[in-house]
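**Student:** Sharing input-v5.csv (CSV, C-alpha atoms) below.
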chain,number,residue,atom,x,y,z
A,1,MET,CA,3.3,-45.8,-32.3
A,2,SER,CA,6.3,-47.6,-31.1
A,3,ASP,CA,7.1,-51.2,-32.0
A,4,TYR,CA,6.9,-53.5,-28.9
A,5,SER,CA,7.5,-56.7,-30.8
A,6,GLU,CA,10.8,-57.2,-28.9
A,7,LEU,CA,8.9,-57.4,-25.6
A,8,LYS,CA,8.3,-61.1,-24.8
A,9,PRO,CA,6.5,-61.4,-21.4
A,10,ASP,CA,6.5,-64.8,-19.7
A,11,PHE,CA,2.9,-65.7,-19.3
A,12,ASN,CA,3.8,-69.2,-18.0
A,13,LYS,CA,4.1,-67.7,-14.5
A,14,GLY,CA,0.5,-66.3,-14.7
A,15,LEU,CA,-0.7,-62.8,-15.3
A,16,LEU,CA,1.8,-60.0,-16.1
A,17,THR,CA,1.9,-57.4,-13.4
A,18,ALA,CA,1.7,-53.9,-15.1
A,19,VAL,CA,2.8,-50.7,-13.4
A,20,LEU,CA,1.4,-47.5,-14.9
A,21,GLN,CA,3.6,-44.5,-14.5
A,22,HIS,CA,2.9,-41.0,-15.7
A,23,HIS,CA,5.3,-40.3,-18.6
A,24,THR,CA,6.3,-36.8,-17.5
A,25,ASN,CA,5.9,-36.3,-13.8
A,26,LYS,CA,6.8,-40.0,-13.2
A,27,ASN,CA,4.1,-40.6,-10.5
A,28,VAL,CA,3.1,-44.2,-10.2
A,29,LEU,CA,-0.6,-44.2,-11.1
A,30,MET,CA,-1.9,-47.8,-10.6
A,31,VAL,CA,-1.0,-51.5,-10.8
A,32,GLY,CA,-3.0,-53.8,-13.0
A,33,TYR,CA,-2.7,-57.3,-14.5
A,34,MET,CA,-2.6,-58.4,-18.2
A,35,ASP,CA,-3.1,-61.7,-19.8
A,36,GLU,CA,-1.7,-62.4,-23.3
A,37,GLU,CA,-4.7,-60.9,-25.0
A,38,ALA,CA,-4.7,-57.7,-22.9
A,39,PHE,CA,-1.0,-57.3,-23.6
A,40,ARG,CA,-1.5,-57.9,-27.4
A,41,ARG,CA,-4.3,-55.3,-27.5
A,42,THR,CA,-2.2,-52.8,-25.5
A,43,CYS,CA,0.6,-53.2,-28.0
A,44,ALA,CA,-1.7,-53.0,-31.0
A,45,GLU,CA,-4.0,-50.2,-29.9
A,46,GLY,CA,-1.6,-48.0,-27.9
A,47,VAL,CA,-4.0,-47.8,-25.0
A,48,VAL,CA,-3.8,-49.9,-21.8
A,49,TRP,CA,-5.9,-53.1,-21.5
A,50,PHE,CA,-6.0,-55.2,-18.4
A,51,PHE,CA,-7.4,-58.6,-17.4
A,52,SER,CA,-9.6,-57.8,-14.4
A,53,ARG,CA,-9.1,-60.5,-11.7
A,54,SER,CA,-12.4,-59.4,-10.0
A,55,LYS,CA,-14.5,-59.1,-13.2
A,56,GLY,CA,-12.8,-62.1,-14.8
A,57,ARG,CA,-12.7,-60.4,-18.2
A,58,LEU,CA,-10.7,-58.1,-20.5
A,59,TRP,CA,-11.0,-54.5,-19.6
A,60,MET,CA,-9.8,-51.4,-21.4
A,61,LYS,CA,-8.8,-48.9,-18.7
A,62,GLY,CA,-11.2,-46.0,-19.1
A,63,GLU,CA,-13.8,-47.9,-21.1
A,64,SER,CA,-16.6,-46.4,-18.9
A,65,SER,CA,-14.9,-43.2,-17.6
A,66,GLY,CA,-13.3,-42.3,-20.9
A,67,HIS,CA,-10.1,-41.8,-19.0
A,68,VAL,CA,-8.0,-44.1,-21.2
A,69,GLN,CA,-4.3,-44.5,-20.7
A,70,THR,CA,-2.3,-43.7,-23.9
A,71,VAL,CA,0.9,-45.7,-24.0
A,72,LYS,CA,4.1,-43.7,-24.4
A,73,ASP,CA,6.6,-46.4,-23.7
A,74,MET,CA,6.8,-49.9,-22.2
A,75,TYR,CA,9.6,-51.8,-20.4
A,76,LEU,CA,9.7,-55.5,-19.4
A,77,ASP,CA,11.6,-56.4,-16.2
A,78,CYS,CA,14.6,-58.8,-16.0
A,79,ASP,CA,12.5,-61.9,-15.4
A,80,SER,CA,9.8,-60.9,-17.9
A,81,ASP,CA,6.9,-61.1,-15.5
A,82,ALA,CA,6.4,-57.4,-14.8
A,83,LEU,CA,5.8,-54.5,-17.2
A,84,LEU,CA,6.4,-50.8,-16.7
A,85,VAL,CA,4.0,-48.8,-18.9
A,86,GLN,CA,4.7,-45.1,-19.2
A,87,VAL,CA,1.4,-43.4,-20.0
A,88,ASP,CA,-0.3,-40.2,-20.9
A,89,PRO,CA,-3.5,-40.5,-18.8
A,90,GLN,CA,-6.6,-38.9,-20.3
A,91,GLY,CA,-8.0,-37.7,-17.0
A,92,PRO,CA,-7.7,-39.0,-13.4
A,93,THR,CA,-6.5,-42.6,-13.3
A,94,CYS,CA,-8.3,-43.6,-10.1
A,95,HIS,CA,-12.0,-44.2,-9.8
A,96,ARG,CA,-11.9,-41.7,-6.9
A,97,ASN,CA,-11.1,-39.0,-9.4
A,98,THR,CA,-7.5,-38.6,-8.1
A,99,GLU,CA,-4.4,-38.7,-10.4
A,100,SER,CA,-3.2,-41.9,-8.8
A,101,CYS,CA,-4.7,-44.9,-7.1
A,102,PHE,CA,-1.9,-44.4,-4.5
A,103,ASP,CA,-2.6,-41.6,-2.0
A,104,LEU,CA,0.2,-39.3,-3.3
A,105,ASP,CA,-1.6,-36.1,-2.4
A,106,VAL,CA,1.0,-35.2,0.1
A,107,SER,CA,3.8,-35.8,-2.4
A,108,PHE,CA,5.4,-32.8,-4.1
A,109,THR,CA,6.2,-32.7,-7.8
A,110,LEU,CA,7.4,-30.0,-10.0
A,111,ARG,CA,4.2,-30.4,-12.1
A,112,ASP,CA,2.1,-29.8,-9.0
A,113,LEU,CA,4.0,-26.6,-8.4
A,114,GLU,CA,3.6,-25.5,-12.0
A,115,ASP,CA,-0.2,-26.3,-11.8
A,116,THR,CA,-0.5,-24.3,-8.6
A,117,VAL,CA,1.4,-21.3,-10.0
A,118,ARG,CA,-0.7,-21.4,-13.2
A,119,GLU,CA,-4.0,-21.8,-11.3
A,120,ARG,CA,-3.2,-19.0,-8.9
A,121,ALA,CA,-2.1,-16.7,-11.8
A,122,GLU,CA,-5.4,-17.4,-13.5
A,123,ASN,CA,-7.4,-17.0,-10.3
A,124,PRO,CA,-5.6,-14.5,-8.2
A,125,GLU,CA,-6.8,-14.2,-4.6
A,126,GLU,CA,-6.8,-10.9,-2.8
A,127,GLY,CA,-4.0,-10.7,-0.2
A,128,SER,CA,-2.1,-13.6,-1.9
A,129,TYR,CA,1.3,-12.6,-3.3
B,1,MET,CA,11.3,-43.8,10.9
B,2,SER,CA,7.7,-43.1,9.8
B,3,ASP,CA,4.7,-44.7,11.3
B,4,TYR,CA,3.0,-47.0,8.8
B,5,SER,CA,0.4,-48.3,11.2
B,6,GLU,CA,-2.4,-46.7,9.2
B,7,LEU,CA,-1.6,-48.9,6.2
B,8,LYS,CA,-3.9,-52.0,6.2
B,9,PRO,CA,-3.2,-54.1,3.2
B,10,ASP,CA,-5.8,-56.7,2.3
B,11,PHE,CA,-4.0,-60.1,2.4
B,12,ASN,CA,-7.2,-62.0,1.8
B,13,LYS,CA,-6.6,-61.4,-2.0
B,14,GLY,CA,-3.2,-63.1,-1.8
B,15,LEU,CA,0.2,-61.5,-1.8
B,16,LEU,CA,0.6,-57.7,-1.8
B,17,THR,CA,2.2,-56.4,-5.1
B,18,ALA,CA,5.0,-54.0,-4.1
B,19,VAL,CA,6.4,-51.4,-6.6
B,20,LEU,CA,9.8,-50.0,-5.6
B,21,GLN,CA,10.4,-46.5,-6.8
B,22,HIS,CA,13.5,-44.4,-6.3
B,23,HIS,CA,12.6,-41.7,-3.8
B,24,THR,CA,14.3,-38.8,-5.7
B,25,ASN,CA,14.6,-39.6,-9.4
B,26,LYS,CA,11.3,-41.5,-9.3
B,27,ASN,CA,12.5,-44.3,-11.6
B,28,VAL,CA,10.6,-47.6,-11.0
B,29,LEU,CA,13.2,-50.0,-9.8
B,30,MET,CA,11.4,-53.4,-9.4
B,31,VAL,CA,8.2,-55.2,-8.6
B,32,GLY,CA,8.1,-57.7,-5.8
B,33,TYR,CA,5.5,-59.4,-3.6
B,34,MET,CA,4.9,-59.3,0.2
B,35,ASP,CA,3.1,-61.6,2.5
B,36,GLU,CA,2.0,-60.3,5.9
B,37,GLU,CA,5.3,-61.1,7.6
B,38,ALA,CA,7.3,-59.4,4.8
B,39,PHE,CA,5.1,-56.3,5.2
B,40,ARG,CA,5.4,-56.4,9.0
B,41,ARG,CA,9.2,-56.6,8.8
B,42,THR,CA,9.4,-53.9,6.2
B,43,CYS,CA,7.4,-51.5,8.4
B,44,ALA,CA,9.4,-52.5,11.5
B,45,GLU,CA,12.9,-52.5,10.1
B,46,GLY,CA,12.7,-49.7,7.4
B,47,VAL,CA,14.2,-51.9,4.7
B,48,VAL,CA,12.3,-53.9,2.1
B,49,TRP,CA,11.4,-57.5,2.7
B,50,PHE,CA,9.6,-59.7,0.1
B,51,PHE,CA,8.1,-63.1,-0.1
B,52,SER,CA,9.8,-64.8,-2.9
B,53,ARG,CA,7.4,-66.8,-5.0
B,54,SER,CA,10.2,-68.7,-6.6
B,55,LYS,CA,12.2,-69.4,-3.4
B,56,GLY,CA,9.0,-69.9,-1.4
B,57,ARG,CA,10.4,-68.0,1.5
B,58,LEU,CA,10.9,-64.5,3.1
B,59,TRP,CA,13.7,-62.6,1.5
B,60,MET,CA,15.3,-59.3,2.5
B,61,LYS,CA,16.1,-57.5,-0.7
B,62,GLY,CA,19.9,-57.1,-0.8
B,63,GLU,CA,20.5,-59.9,1.8
B,64,SER,CA,23.3,-61.4,-0.4
B,65,SER,CA,24.3,-58.4,-2.5
B,66,GLY,CA,24.2,-55.9,0.4
B,67,HIS,CA,22.1,-53.6,-1.8
B,68,VAL,CA,19.3,-53.2,0.7
B,69,GLN,CA,16.4,-50.8,0.0
B,70,THR,CA,15.9,-48.2,2.7
B,71,VAL,CA,12.2,-47.2,2.9
B,72,LYS,CA,11.5,-43.5,2.6
B,73,ASP,CA,7.7,-43.7,2.2
B,74,MET,CA,5.0,-46.1,1.5
B,75,TYR,CA,1.5,-45.7,-0.1
B,76,LEU,CA,-1.3,-48.3,-0.3
B,77,ASP,CA,-3.6,-48.2,-3.4
B,78,CYS,CA,-7.3,-47.7,-3.4
B,79,ASP,CA,-8.2,-51.3,-3.1
B,80,SER,CA,-5.4,-52.1,-0.6
B,81,ASP,CA,-3.7,-54.9,-2.7
B,82,ALA,CA,-0.8,-52.9,-4.1
B,83,LEU,CA,1.9,-51.0,-2.3
B,84,LEU,CA,4.1,-48.2,-3.6
B,85,VAL,CA,7.4,-48.1,-1.7
B,86,GLN,CA,9.7,-45.1,-2.3
B,87,VAL,CA,13.2,-46.2,-1.4
B,88,ASP,CA,16.8,-45.1,-1.2
B,89,PRO,CA,18.6,-48.0,-2.8
B,90,GLN,CA,22.0,-48.9,-1.4
B,91,GLY,CA,23.5,-49.8,-4.8
B,92,PRO,CA,22.0,-51.2,-8.0
B,93,THR,CA,18.6,-52.8,-7.5
B,94,CYS,CA,18.8,-55.3,-10.2
B,95,HIS,CA,20.9,-58.5,-10.0
B,96,ARG,CA,22.4,-57.4,-13.5
B,97,ASN,CA,24.0,-54.5,-11.6
B,98,THR,CA,21.7,-51.9,-13.2
B,99,GLU,CA,19.8,-49.3,-11.3
B,100,SER,CA,16.4,-50.8,-12.3
B,101,CYS,CA,15.1,-54.3,-13.2
B,102,PHE,CA,13.4,-52.5,-16.1
B,103,ASP,CA,15.6,-51.6,-19.0
B,104,LEU,CA,15.4,-47.9,-18.5
B,105,ASP,CA,18.9,-47.3,-19.9
B,106,VAL,CA,17.5,-45.3,-22.8
B,107,SER,CA,15.6,-43.1,-20.5
B,108,PHE,CA,17.0,-39.8,-19.5
B,109,THR,CA,17.0,-38.5,-15.9
B,110,LEU,CA,18.6,-35.5,-14.4
B,111,ARG,CA,20.4,-37.8,-12.0
B,112,ASP,CA,21.9,-39.7,-14.9
B,113,LEU,CA,23.2,-36.4,-16.3
B,114,GLU,CA,24.6,-35.4,-12.9
B,115,ASP,CA,26.3,-38.9,-12.6
B,116,THR,CA,27.7,-38.6,-16.1
B,117,VAL,CA,29.1,-35.1,-15.5
B,118,ARG,CA,30.6,-36.1,-12.2
B,119,GLU,CA,32.1,-39.3,-13.6
B,120,ARG,CA,33.6,-37.4,-16.6
B,121,ALA,CA,35.0,-34.7,-14.3
B,122,GLU,CA,36.6,-37.4,-12.2
B,123,ASN,CA,37.9,-39.4,-15.1
B,124,PRO,CA,38.6,-37.0,-17.9
B,125,GLU,CA,39.2,-38.4,-21.4
B,126,GLU,CA,41.7,-36.8,-23.7
B,127,GLY,CA,39.8,-35.1,-26.5
B,128,SER,CA,36.6,-34.9,-24.5
B,129,TYR,CA,35.5,-31.4,-23.6
I'd like the structure from this file rewritten - as structure tokens, please.

**Tutor:**
Amino acid sequence: MSDYSELKPDFNKGLLTAVLQHHTNKNVLMVGYMDEEAFRRTCAEGVVWFFSRSKGRLWMKGESSGHVQTVKDMYLDCDSDALLVQVDPQGPTCHRNTESCFDLDVSFTLRDLEDTVRERAENPEEGSY
Amino acid sequence: MSDYSELKPDFNKGLLTAVLQHHTNKNVLMVGYMDEEAFRRTCAEGVVWFFSRSKGRLWMKGESSGHVQTVKDMYLDCDSDALLVQVDPQGPTCHRNTESCFDLDVSFTLRDLEDTVRERAENPEEGSY
């Protein structure tokens, strides 16, 4: 695991806004918020923890679904109140069972194309060529 | 310009968190916040407006630098309190004159490679081949 000790978020401004991005296809998956303890656990454990504003408690993303977000890299922004977390998601990120909490289904990515080609090769349809 | 009238952010929870992503290389450029008026102007004008929490006022991104962010597409998240804005940035997004407010300089993108190849072709260095 990487060393994130050089990252010093500014928690005086409130919660840290965390943007989760898929580490290979670069889709933005979700936005969440971290307090100091969520950030500390994320750095220590290598999986994403949030502070849930609605639940009012710490929350490991995927704690009930099993779809944890493995941290690949993290970047703090220029005023230290936003964090970009590049992740390897263990399953769909959104509770709706979609890859992203944003409705990116109309977006095109190379990975989508690869998945489609692989899926069609494995499950050929008559008349499709 | 696209029609964003189907996007209905929930401003009852406070400001809308807006993530700006480059529309082609998919780098995350910055995080900002919108109130209803900033969101309305962004939809109407096709360039990104924020509500600055530090300045306490509406703020068109690039109003002083000229580096406005042209909106290419927008996606609301599943609980309607975060917005992904895919943009064509007119110049560096960060006030430090970097592409992103996140320190992505160690990251590798195809566009970076293209830029490097083009820059070196235009400004050849002796001994470089």

**Student:** Might you pull out every residue within 12 Å of Arg53 in chain B, with only C-alpha atoms counted and same-chain residues fewer than 4 positions away left off, and present them as a PDB file with C-alpha atoms, keeping the file's coordinate frame?

**Tutor:**
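Full text of selection13.pdb as output:
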ATOM      1  CA  LYS A  13       4.100 -67.700 -14.500  1.00  0.00           C
ATOM      2  CA  GLY A  14       0.500 -66.300 -14.700  1.00  0.00           C
ATOM      3  CA  ASP A  81       6.900 -61.100 -15.500  1.00  0.00           C
TER       4      ASP A  81
ATOM      5  CA  GLY B  14      -3.200 -63.100  -1.800  1.00  0.00           C
ATOM      6  CA  LEU B  15       0.200 -61.500  -1.800  1.00  0.00           C
ATOM      7  CA  LEU B  16       0.600 -57.700  -1.800  1.00  0.00           C
ATOM      8  CA  THR B  17       2.200 -56.400  -5.100  1.00  0.00           C
ATOM      9  CA  GLY B  32       8.100 -57.700  -5.800  1.00  0.00           C
ATOM     10  CA  TYR B  33       5.500 -59.400  -3.600  1.00  0.00           C
ATOM     11  CA  MET B  34       4.900 -59.300   0.200  1.00  0.00           C
ATOM     12  CA  ASP B  35       3.100 -61.600   2.500  1.00  0.00           C
ATOM     13  CA  ARG B  57      10.400 -68.000   1.500  1.00  0.00           C
ATOM     14  CA  LEU B  58      10.900 -64.500   3.100  1.00  0.00           C
ATOM     15  CA  TRP B  59      13.700 -62.600   1.500  1.00  0.00           C
TER      16      TRP B  59
END

**Student:** When you count all atoms listed in the file, which of these residues is closest to Lys8 in chain B: B:Val68, B:Leu76, B:Met60, B:Val85?

**Tutor:**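 Using all atoms listed in the file, the shortest distance to Lys8 in chain B belongs to B:Leu76.
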
**Student:** Find the residues near Glu99 in chain A: any atom within 12 Å, counting all atoms listed in the file, skip ones fewer than 2 places away on the same chain, and give them as a PyMOL selection string.

**Tutor:** (chain A and resi 20-22+25-30+67+69+88-97+101-105+107+112) or (chain B and resi 77-78)

**Student:** For the residues selected in the previous step, produce a file with C-alpha atoms as a PDB file, in the coordinates of the input.

**Tutor:**
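After the write, again-v6.pdb holds the following:
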ATOM      1  CA  LEU A  20       1.400 -47.500 -14.900  1.00  0.00           C
ATOM      2  CA  GLN A  21       3.600 -44.500 -14.500  1.00  0.00           C
ATOM      3  CA  HIS A  22       2.900 -41.000 -15.700  1.00  0.00           C
ATOM      4  CA  ASN A  25       5.900 -36.300 -13.800  1.00  0.00           C
ATOM      5  CA  LYS A  26       6.800 -40.000 -13.200  1.00  0.00           C
ATOM      6  CA  ASN A  27       4.100 -40.600 -10.500  1.00  0.00           C
ATOM      7  CA  VAL A  28       3.100 -44.200 -10.200  1.00  0.00           C
ATOM      8  CA  LEU A  29      -0.600 -44.200 -11.100  1.00  0.00           C
ATOM      9  CA  MET A  30      -1.900 -47.800 -10.600  1.00  0.00           C
ATOM     10  CA  HIS A  67     -10.100 -41.800 -19.000  1.00  0.00           C
ATOM     11  CA  GLN A  69      -4.300 -44.500 -20.700  1.00  0.00           C
ATOM     12  CA  ASP A  88      -0.300 -40.200 -20.900  1.00  0.00           C
ATOM     13  CA  PRO A  89      -3.500 -40.500 -18.800  1.00  0.00           C
ATOM     14  CA  GLN A  90      -6.600 -38.900 -20.300  1.00  0.00           C
ATOM     15  CA  GLY A  91      -8.000 -37.700 -17.000  1.00  0.00           C
ATOM     16  CA  PRO A  92      -7.700 -39.000 -13.400  1.00  0.00           C
ATOM     17  CA  THR A  93      -6.500 -42.600 -13.300  1.00  0.00           C
ATOM     18  CA  CYS A  94      -8.300 -43.600 -10.100  1.00  0.00           C
ATOM     19  CA  HIS A  95     -12.000 -44.200  -9.800  1.00  0.00           C
ATOM     20  CA  ARG A  96     -11.900 -41.700  -6.900  1.00  0.00           C
ATOM     21  CA  ASN A  97     -11.100 -39.000  -9.400  1.00  0.00           C
ATOM     22  CA  CYS A 101      -4.700 -44.900  -7.100  1.00  0.00           C
ATOM     23  CA  PHE A 102      -1.900 -44.400  -4.500  1.00  0.00           C
ATOM     24  CA  ASP A 103      -2.600 -41.600  -2.000  1.00  0.00           C
ATOM     25  CA  LEU A 104       0.200 -39.300  -3.300  1.00  0.00           C
ATOM     26  CA  ASP A 105      -1.600 -36.100  -2.400  1.00  0.00           C
ATOM     27  CA  SER A 107       3.800 -35.800  -2.400  1.00  0.00           C
ATOM     28  CA  ASP A 112       2.100 -29.800  -9.000  1.00  0.00           C
TER      29      ASP A 112
ATOM     30  CA  ASP B  77      -3.600 -48.200  -3.400  1.00  0.00           C
ATOM     31  CA  CYS B  78      -7.300 -47.700  -3.400  1.00  0.00           C
TER      32      CYS B  78
END

**Student:** For Val19 in chain A, which residue out of B:Val48, B:Val87, B:Val31, B:Leu7 is the nearest one, using only C-alpha atoms?

**Tutor:** B:Val31

**Student:** Kindly give the distance, in Å, that separates CA of Phe51 in chain B and CA of Leu84 in chain B, rounded to a single decimal.

**Tutor:**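 Distance between the two atoms: 15.8 Å.
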
**Student:** I need the residue nearest chain B from this list: A:Trp49, A:Thr24, A:Ala82, A:Asp3. Use only C-alpha atoms for the distance.

**Tutor:**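 Closest to chain B of all the choices is A:Ala82.
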
**Student:** Find, counting all atoms listed in the file, the residue in A:Ser54, A:Glu122, A:Ser100, A:Ser80 that gets nearest to Asn12 in chain A.

**Tutor:**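 Residue with the minimum atom-to-atom distance to Asn12 in chain A: A:Ser80.
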
**Student:** By least-squares superposition of chain B on chain A, using all C-alpha atoms in order, what RMSD in Å to one decimal is obtained?

**Tutor:**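 Between these identical-sequence chains, the C-alpha RMSD is 0.5 Å.
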
**Student:** If I take CA of Lys72 in chain B and CA of Phe50 in chain B, how far is one from the other in Å, to one decimal?

**Tutor:** 16.5 Å

**Student:** Hey, can you check how far CA of Thr42 in chain A sits from CA of Lys55 in chain A?

**Tutor:**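 Result for CA of Thr42 in chain A versus CA of Lys55 in chain A: 18.5 Å, one decimal.
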
**Student:** Looking at all atoms listed in the file, which of B:Gly62, B:His23, B:Glu37, B:Val71 is the one that sits closest to chain A?

**Tutor:** B:His23

**Student:** With distances taken over all atoms listed in the file, which residue among A:Asn123, A:Asp79, A:Arg118, A:Cys43 lies nearest Phe11 in chain A?

**Tutor:**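 Counting all atoms listed in the file, the residue closest to Phe11 in chain A is A:Asp79.
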
**Student:** Please write a file for range 51-60 of chain B, taken from the block I just shared, that holds all heavy atoms and is laid out as an mmCIF file, in the first residue's frame.

**Tutor:**
data_model
loop_
_atom_site.group_PDB
_atom_site.id
_atom_site.type_symbol
_atom_site.label_atom_id
_atom_site.label_comp_id
_atom_site.auth_asym_id
_atom_site.auth_seq_id
_atom_site.Cartn_x
_atom_site.Cartn_y
_atom_site.Cartn_z
ATOM 1 N N PHE B 51 -20.939 28.921 -6.607
ATOM 2 C CA PHE B 51 -21.115 29.813 -5.468
ATOM 3 C C PHE B 51 -19.867 29.638 -4.625
ATOM 4 O O PHE B 51 -19.599 28.545 -4.119
ATOM 5 C CB PHE B 51 -22.358 29.473 -4.651
ATOM 6 C CG PHE B 51 -22.531 30.403 -3.489
ATOM 7 C CD1 PHE B 51 -23.121 31.655 -3.674
ATOM 8 C CD2 PHE B 51 -22.073 30.056 -2.223
ATOM 9 C CE1 PHE B 51 -23.261 32.531 -2.607
ATOM 10 C CE2 PHE B 51 -22.204 30.932 -1.160
ATOM 11 C CZ PHE B 51 -22.801 32.172 -1.350
ATOM 12 N N SER B 52 -19.081 30.688 -4.515
ATOM 13 C CA SER B 52 -17.848 30.595 -3.748
ATOM 14 C C SER B 52 -18.147 30.679 -2.255
ATOM 15 O O SER B 52 -18.703 31.678 -1.787
ATOM 16 C CB SER B 52 -16.889 31.711 -4.151
ATOM 17 O OG SER B 52 -15.831 31.776 -3.208
ATOM 18 N N ARG B 53 -17.765 29.625 -1.531
ATOM 19 C CA ARG B 53 -18.002 29.615 -0.083
ATOM 20 C C ARG B 53 -17.104 30.617 0.620
ATOM 21 O O ARG B 53 -17.484 31.204 1.622
ATOM 22 C CB ARG B 53 -17.770 28.203 0.476
ATOM 23 C CG ARG B 53 -18.738 27.176 -0.127
ATOM 24 C CD ARG B 53 -18.540 25.791 0.461
ATOM 25 N NE ARG B 53 -17.181 25.303 0.256
ATOM 26 C CZ ARG B 53 -16.720 24.141 0.723
ATOM 27 N NH1 ARG B 53 -17.528 23.359 1.423
ATOM 28 N NH2 ARG B 53 -15.488 23.758 0.487
ATOM 29 N N SER B 54 -15.890 30.836 0.076
ATOM 30 C CA SER B 54 -14.979 31.783 0.733
ATOM 31 C C SER B 54 -15.346 33.230 0.380
ATOM 32 O O SER B 54 -15.353 34.102 1.251
ATOM 33 C CB SER B 54 -13.522 31.491 0.359
ATOM 34 O OG SER B 54 -13.370 31.464 -1.043
ATOM 35 N N LYS B 55 -15.678 33.465 -0.892
ATOM 36 C CA LYS B 55 -16.040 34.829 -1.301
ATOM 37 C C LYS B 55 -17.485 35.161 -0.918
ATOM 38 O O LYS B 55 -17.851 36.338 -0.854
ATOM 39 C CB LYS B 55 -15.887 34.997 -2.826
ATOM 40 C CG LYS B 55 -14.491 34.746 -3.388
ATOM 41 C CD LYS B 55 -14.463 34.993 -4.913
ATOM 42 C CE LYS B 55 -13.108 34.686 -5.523
ATOM 43 N NZ LYS B 55 -13.013 33.313 -6.070
ATOM 44 N N GLY B 56 -18.316 34.122 -0.708
ATOM 45 C CA GLY B 56 -19.718 34.353 -0.382
ATOM 46 C C GLY B 56 -20.512 34.977 -1.512
ATOM 47 O O GLY B 56 -21.454 35.741 -1.288
ATOM 48 N N ARG B 57 -20.141 34.644 -2.748
ATOM 49 C CA ARG B 57 -20.858 35.215 -3.904
ATOM 50 C C ARG B 57 -20.766 34.286 -5.113
ATOM 51 O O ARG B 57 -19.945 33.373 -5.139
ATOM 52 C CB ARG B 57 -20.293 36.588 -4.258
ATOM 53 C CG ARG B 57 -18.844 36.555 -4.767
ATOM 54 C CD ARG B 57 -18.475 37.878 -5.436
ATOM 55 N NE ARG B 57 -17.066 37.898 -5.849
ATOM 56 C CZ ARG B 57 -16.623 37.442 -7.025
ATOM 57 N NH1 ARG B 57 -17.460 36.897 -7.874
ATOM 58 N NH2 ARG B 57 -15.333 37.514 -7.339
ATOM 59 N N LEU B 58 -21.612 34.569 -6.104
ATOM 60 C CA LEU B 58 -21.551 33.850 -7.380
ATOM 61 C C LEU B 58 -20.232 34.152 -8.062
ATOM 62 O O LEU B 58 -19.703 35.271 -7.944
ATOM 63 C CB LEU B 58 -22.691 34.295 -8.303
ATOM 64 C CG LEU B 58 -24.067 33.703 -8.030
ATOM 65 C CD1 LEU B 58 -25.078 34.373 -8.947
ATOM 66 C CD2 LEU B 58 -24.070 32.193 -8.241
ATOM 67 N N TRP B 59 -19.762 33.174 -8.810
ATOM 68 C CA TRP B 59 -18.429 33.283 -9.380
ATOM 69 C C TRP B 59 -18.381 32.454 -10.659
ATOM 70 O O TRP B 59 -18.612 31.249 -10.615
ATOM 71 C CB TRP B 59 -17.460 32.766 -8.320
ATOM 72 C CG TRP B 59 -16.087 32.401 -8.747
ATOM 73 C CD1 TRP B 59 -15.191 33.202 -9.392
ATOM 74 C CD2 TRP B 59 -15.419 31.145 -8.531
ATOM 75 N NE1 TRP B 59 -14.014 32.509 -9.580
ATOM 76 C CE2 TRP B 59 -14.122 31.254 -9.055
ATOM 77 C CE3 TRP B 59 -15.791 29.950 -7.918
ATOM 78 C CZ2 TRP B 59 -13.208 30.211 -9.012
ATOM 79 C CZ3 TRP B 59 -14.884 28.913 -7.869
ATOM 80 C CH2 TRP B 59 -13.609 29.045 -8.406
ATOM 81 N N MET B 60 -18.157 33.122 -11.792
ATOM 82 C CA MET B 60 -17.993 32.364 -13.028
ATOM 83 C C MET B 60 -16.552 31.876 -13.066
ATOM 84 O O MET B 60 -15.622 32.689 -13.013
ATOM 85 C CB MET B 60 -18.287 33.196 -14.274
ATOM 86 C CG MET B 60 -18.256 32.328 -15.543
ATOM 87 S SD MET B 60 -18.546 33.234 -17.086
ATOM 88 C CE MET B 60 -16.967 34.076 -17.294
#
